Amino acid sequence: MRRLFNILLYGFLAICITVSVGSGLVYFLLSASVPDYDEDFTVAGLGGPVDILRDSSAVPHISATSAADVYFAIGFVHAQDRLGQLLRARRKAEASWPADGTLSVAPAVSDALASYAAGVNAWLELVSEGGRGRGSPELLIADERSIAAWTPGDSLRIARSFLNGLRPGSAREGMPSISGAIIPTDRPRAPELLATDPQQRLNAWAMDGDRTATGTPILAAEISGSLSLPSEWYLADLQFSTGPAIGATMPGVPFVIVGRNARVAWAFRSLPVPDEEAPGGPSPMQTAGFLTMLELFARSADANDATRVAADMLPKGMEALVIDRETVDRWPKEEAVRASSFRDIRLAELETRQSIFSTEGVMGVQRDTVSSVARTLLPLMAKELWFVQSRDSIEGTDTDDLRRELLDRLASWNGEMDRYAPEPLLFWTWVWALQQRILKDEFPTAKQLWTRPNPDFLYAVLSDRRGSAIWCDIRPSSPRETCEEQVRVALDDALGWLVDRYGRDLSTWTWGEEHTLDMQWSPISSRGLLTDLLSLQAPISGDPFTQFLTSFGVEEDRPFLVSAGSNFQAVMSISGAAGSYYISPAGQSGHPLSRFYDNLFPSWIQGEYLAMSTDLSLARGGASGISRLTPATSDNPRMSEGQSE
């Protein structure tokens with residue numbers, strides 16, 4: 001017995017030691033790739049020294065005497081913080097766009113892309129010398145045996161993929177296509193039913209100086225797309241000798257996409273472009289023009305100067321909105337005519353609600369979570385039900401009381417999509433059940449059409465626009481069902497679904513229980529257990545049609561799960577009194593062990609913006625690191641190891 005005890009004891013100790021050593025080794029390998037923001041480097045390819053000051057949120061403020069060195073440094077810090085994201089973006093872009101061959105671009109852009117590539121490659125060379133855990137944790141388990149050098153063509157393809165992602169036909173990853181669905185001939189034409197969402201959207205609006213508290217224009221900008229870790233956007237301040245440019249950059253591209261310099265702030269609106277107008281997506285020449293425009297925006301002297309540039313180079317399907325200290329300007333000069341969306345309706349309501357706006361007031365508009373969809377559809381859905389008793393029952397509940405309580409709550413609800421309120425859950429589950437009732441018979445296999453709520457289509461049906469109420473009739477059945485009947489049955493369907501999940505007490509139901517953000521870590525190769533461990537989940541307000549946009553997912557069992565939405569917002573003014581602010585859902589670093597991996601997440605959830613300043617004296621307060629890149633020379637060869645300041 002004693003011998004058996006000793007064997008078991010030694011075996012247990014051996015297992016503990018093995019696990020401890022293994023865990024320590026894994027942690028060492030992972031932590032080796034966490035960037036040290038106080039580390040200095042001597043690298044080849046620079047014309048002069050570059051200072052990189054990281055503020056308290058790890059946003060880099062890059063100072064150099066030449067533009068080429070600034071672009072080198074942004075390539076270096078992109079690779080330092082987001083190497084895995086860079087390689088993933090390159091792999092995706094290469095799959096979509098083969099090598100473009102020789103492409104003529106403006107000399108300033110060509111030089112910028114070459115300098116950026118040199119900066120990325122300088123970090124890759126440091127990683128290849130060892131001691132940095134391959135530069136990114138996912139590279140320890142990915143199939144990237146060797147990493148090819150970065151080229152200017154890689155940046156061009158990534159920019160082209162970004163522009164292509166603004167087209168309506170570019171569904172998000174994991175989102176089923178509906179291009180093969182055909183509307184039955186006995187149903188009215190419903191173009192909104194087959195409309196597809198783009199992978200990303202750009203949105204912007206501005207207030208003239210006569211409507212702001214400081215008398216200077218304010219520009220509000222938004223980018224919506226995947227909510228992932230790391231974020232799709234990287235904040236940076238590029239301190240050129242001609243002046244700074246600060247805002248959102250895209251890893252893989254050296255220019256500020258949405259942001260400002262000392263004189264001008266710029267943003268974009270993306271508009272749907274039919275395939276017949278732009279077959280094959282953006283051309284290489286359009287991509288080159290887009291990058292040239294961004295490079296010139298960073299040096300624009302005023303709003304008119306920027307829009308003159310946009311007039312020659314803005315890609316089709318985009319609008320540029322620019323402000324300076326006195327002017328709001330746009331290109332095209334006339335705002336594109338398009339059907340008002342539910343978001344447009346709500347924005348117009350908020351803009352007319354008050355005559356004067358501060359930056360805080362504009363932020364409040366951006367973060368508004370009142371849904372015009374609820375305010376529009378609910379009266380149409382419930383108009384015949386407020387005083388109608390139920391004729392059915394739900395097993396184990398009193399349907400009349402439950403329905404009455406639900407309708408009473410919705411009758412006094414203002415459409416606020418609050419994550420802690422039950423009304424948004426009641427409303428959207430009802431809409432979800434109604435759309436299934438209406439469309440499942442016409443599209444039995446195109447599940448994405450009847451599982452993802454389409455308010456534009458439902459509004460047409462419930463208001464009987466051009467005879468669209470016929471969609472409520474179930475084609476295989478003999479009787480002709482009306483929309484009032486479908487709405488009533490869908491309400492019971494929704495209540496049954498909710499009671500099964502949450503019980504009968506409506507006061508315990510919350511929108512956030514179903515409308516949960518699932519922000520996943522995005523590795524280079526396939527997802528797995530590690531991705532689940534590194535993701536962030538939280539209940540979240542809003543819906544796909546509120547100003548603070550949170551899209552619905554594709555999981556049948558969790559139809560309101562959020563994996564996309566507003567992933568960058570900015571409020572900018574060329575005024576010291578008004579200031580400029582940004583908000584982003586995740587941290588600057590793509591490394592899960594970095595304290596800057598998800599440090600911005602709580603602020604984003606709470607709607608707390610961060611100041612966007614190019615003042616280096618402010619950035620030094622609470623700085624998270626200061627590093628210097630020094631050019632390698634024959635007297636000062638490039639060091640294989642970084643040196644600590």
# chains A, B, ... in the order shown; residues from 1 in each chain; ligands from 1
>>> select_by_dssp(residues="segment 136-371 of chain A", states="strand (DSSP E or B)", output="MDAnalysis selection string")
chainID A and resid 201:207 212 218:226 228:229 234:240 243:249 256:261 265:270 318:323 328:331 357 370
>>> residues_around(residues="Gly281 of chain A", least_positions_apart="4", cutoff="9 Å", atoms="only C-alpha atoms", output="PyMOL selection string")
chain A and resi 160+163-164+167+275
>>> closest_residue(among="A:Ser136, A:Ser270, A:Gln239, A:Asn414", to="Glu222 of chain A", atoms="only C-alpha atoms")
A:Ser270
>>> select_by_dssp(residues="segment 146-247 of chain A", states="helix (DSSP H, G or I)", output="PyMOL selection string")
chain A and resi 152-164+209-211
>>> write_last_selection(atoms="all heavy atoms", output="short mmCIF file (atom, residue, chain, number, x, y, z; two decimals), in the first residue's frame")
data_model
loop_
_atom_site.label_atom_id
_atom_site.label_comp_id
_atom_site.auth_asym_id
_atom_site.auth_seq_id
_atom_site.Cartn_x
_atom_site.Cartn_y
_atom_site.Cartn_z
N PRO A 152 5.15 47.48 -51.32
CA PRO A 152 4.12 48.49 -51.57
C PRO A 152 2.86 47.90 -52.20
O PRO A 152 1.75 48.39 -51.94
CB PRO A 152 4.83 49.47 -52.52
CG PRO A 152 6.28 49.34 -52.19
CD PRO A 152 6.47 47.89 -51.85
N GLY A 153 3.01 46.85 -53.01
CA GLY A 153 1.85 46.20 -53.61
C GLY A 153 0.92 45.61 -52.57
O GLY A 153 -0.30 45.56 -52.78
N ASP A 154 1.47 45.16 -51.44
CA ASP A 154 0.62 44.63 -50.36
C ASP A 154 -0.31 45.73 -49.84
O ASP A 154 -1.50 45.49 -49.61
CB ASP A 154 1.48 44.09 -49.22
CG ASP A 154 2.29 42.87 -49.62
OD1 ASP A 154 1.83 42.11 -50.51
OD2 ASP A 154 3.38 42.67 -49.06
N SER A 155 0.23 46.92 -49.64
CA SER A 155 -0.59 48.04 -49.15
C SER A 155 -1.65 48.43 -50.17
O SER A 155 -2.79 48.74 -49.80
CB SER A 155 0.31 49.24 -48.83
OG SER A 155 1.20 48.95 -47.77
N LEU A 156 -1.29 48.41 -51.44
CA LEU A 156 -2.27 48.75 -52.48
C LEU A 156 -3.42 47.76 -52.50
O LEU A 156 -4.59 48.14 -52.63
CB LEU A 156 -1.58 48.80 -53.85
CG LEU A 156 -0.77 50.06 -54.15
CD1 LEU A 156 0.10 49.84 -55.39
CD2 LEU A 156 -1.68 51.25 -54.36
N ARG A 157 -3.11 46.47 -52.36
CA ARG A 157 -4.17 45.46 -52.38
C ARG A 157 -5.06 45.56 -51.14
O ARG A 157 -6.28 45.36 -51.23
CB ARG A 157 -3.56 44.06 -52.50
CG ARG A 157 -3.15 43.70 -53.92
CD ARG A 157 -2.73 42.25 -54.02
NE ARG A 157 -1.47 42.01 -53.35
CZ ARG A 157 -0.27 42.18 -53.91
NH1 ARG A 157 -0.20 42.60 -55.17
NH2 ARG A 157 0.83 41.94 -53.25
N ILE A 158 -4.48 45.87 -49.99
CA ILE A 158 -5.28 46.03 -48.78
C ILE A 158 -6.21 47.23 -48.91
O ILE A 158 -7.39 47.17 -48.54
CB ILE A 158 -4.36 46.17 -47.55
CG1 ILE A 158 -3.71 44.81 -47.24
CG2 ILE A 158 -5.14 46.66 -46.34
CD1 ILE A 158 -2.66 44.86 -46.15
N ALA A 159 -5.70 48.32 -49.47
CA ALA A 159 -6.55 49.49 -49.70
C ALA A 159 -7.66 49.17 -50.69
O ALA A 159 -8.81 49.61 -50.53
CB ALA A 159 -5.70 50.66 -50.20
N ARG A 160 -7.36 48.39 -51.70
CA ARG A 160 -8.37 48.00 -52.69
C ARG A 160 -9.43 47.12 -52.04
O ARG A 160 -10.63 47.26 -52.32
CB ARG A 160 -7.70 47.28 -53.85
CG ARG A 160 -8.61 47.04 -55.05
CD ARG A 160 -7.86 46.38 -56.17
NE ARG A 160 -8.73 46.11 -57.32
CZ ARG A 160 -8.38 45.40 -58.38
NH1 ARG A 160 -7.14 44.88 -58.44
NH2 ARG A 160 -9.22 45.20 -59.38
N SER A 161 -9.04 46.22 -51.18
CA SER A 161 -10.00 45.39 -50.46
C SER A 161 -10.90 46.23 -49.57
O SER A 161 -12.11 45.96 -49.45
CB SER A 161 -9.27 44.34 -49.61
OG SER A 161 -8.64 43.38 -50.42
N PHE A 162 -10.33 47.25 -48.94
CA PHE A 162 -11.13 48.15 -48.11
C PHE A 162 -12.20 48.85 -48.95
O PHE A 162 -13.38 48.89 -48.57
CB PHE A 162 -10.24 49.18 -47.44
CG PHE A 162 -10.97 50.35 -46.85
CD1 PHE A 162 -11.77 50.19 -45.72
CD2 PHE A 162 -10.90 51.61 -47.43
CE1 PHE A 162 -12.47 51.26 -45.18
CE2 PHE A 162 -11.59 52.68 -46.89
CZ PHE A 162 -12.37 52.51 -45.77
N LEU A 163 -11.82 49.39 -50.10
CA LEU A 163 -12.78 50.06 -50.97
C LEU A 163 -13.84 49.08 -51.47
O LEU A 163 -15.03 49.42 -51.56
CB LEU A 163 -12.06 50.72 -52.14
CG LEU A 163 -11.15 51.90 -51.80
CD1 LEU A 163 -10.44 52.40 -53.06
CD2 LEU A 163 -11.92 53.03 -51.14
N ASN A 164 -13.43 47.88 -51.78
CA ASN A 164 -14.38 46.88 -52.24
C ASN A 164 -15.37 46.50 -51.13
O ASN A 164 -16.53 46.19 -51.40
CB ASN A 164 -13.65 45.63 -52.72
CG ASN A 164 -14.56 44.64 -53.40
OD1 ASN A 164 -15.18 44.94 -54.41
ND2 ASN A 164 -14.68 43.45 -52.82
N GLY A 209 -20.85 76.47 -38.44
CA GLY A 209 -20.45 77.25 -37.28
C GLY A 209 -21.58 78.01 -36.62
O GLY A 209 -21.55 78.25 -35.41
N ASP A 210 -22.60 78.39 -37.40
CA ASP A 210 -23.72 79.13 -36.80
C ASP A 210 -24.62 78.25 -35.96
O ASP A 210 -25.56 78.75 -35.32
CB ASP A 210 -24.53 79.84 -37.89
CG ASP A 210 -25.09 78.87 -38.93
OD1 ASP A 210 -24.88 77.65 -38.79
OD2 ASP A 210 -25.75 79.34 -39.88
N ARG A 211 -24.33 76.93 -35.92
CA ARG A 211 -25.11 76.01 -35.08
C ARG A 211 -24.27 75.37 -33.99
O ARG A 211 -24.70 74.40 -33.37
CB ARG A 211 -25.76 74.93 -35.94
CG ARG A 211 -26.81 75.44 -36.92
CD ARG A 211 -27.70 74.31 -37.37
NE ARG A 211 -28.40 73.70 -36.25
CZ ARG A 211 -29.08 72.55 -36.33
NH1 ARG A 211 -29.13 71.90 -37.49
NH2 ARG A 211 -29.70 72.06 -35.28
#
>>> closest_atom_pairs(of="segment 387-450 of chain A", to="segment 455-460 of chain A", cutoff="10 Å", atoms="only C-alpha atoms", output="tab-separated table")
residue	atom	partner	partner_atom	distance
A:Val431	CA	A:Pro455	CA	8.4
A:Trp432	CA	A:Pro455	CA	10.0
A:Leu434	CA	A:Leu458	CA	8.8
A:Gln435	CA	A:Leu458	CA	7.4
A:Ile438	CA	A:Leu458	CA	9.1
>>> closest_residue(among="A:Ala112, A:Val562, A:Ala117, A:Leu491", to="Leu407 of chain A", atoms="only C-alpha atoms")
A:Leu491
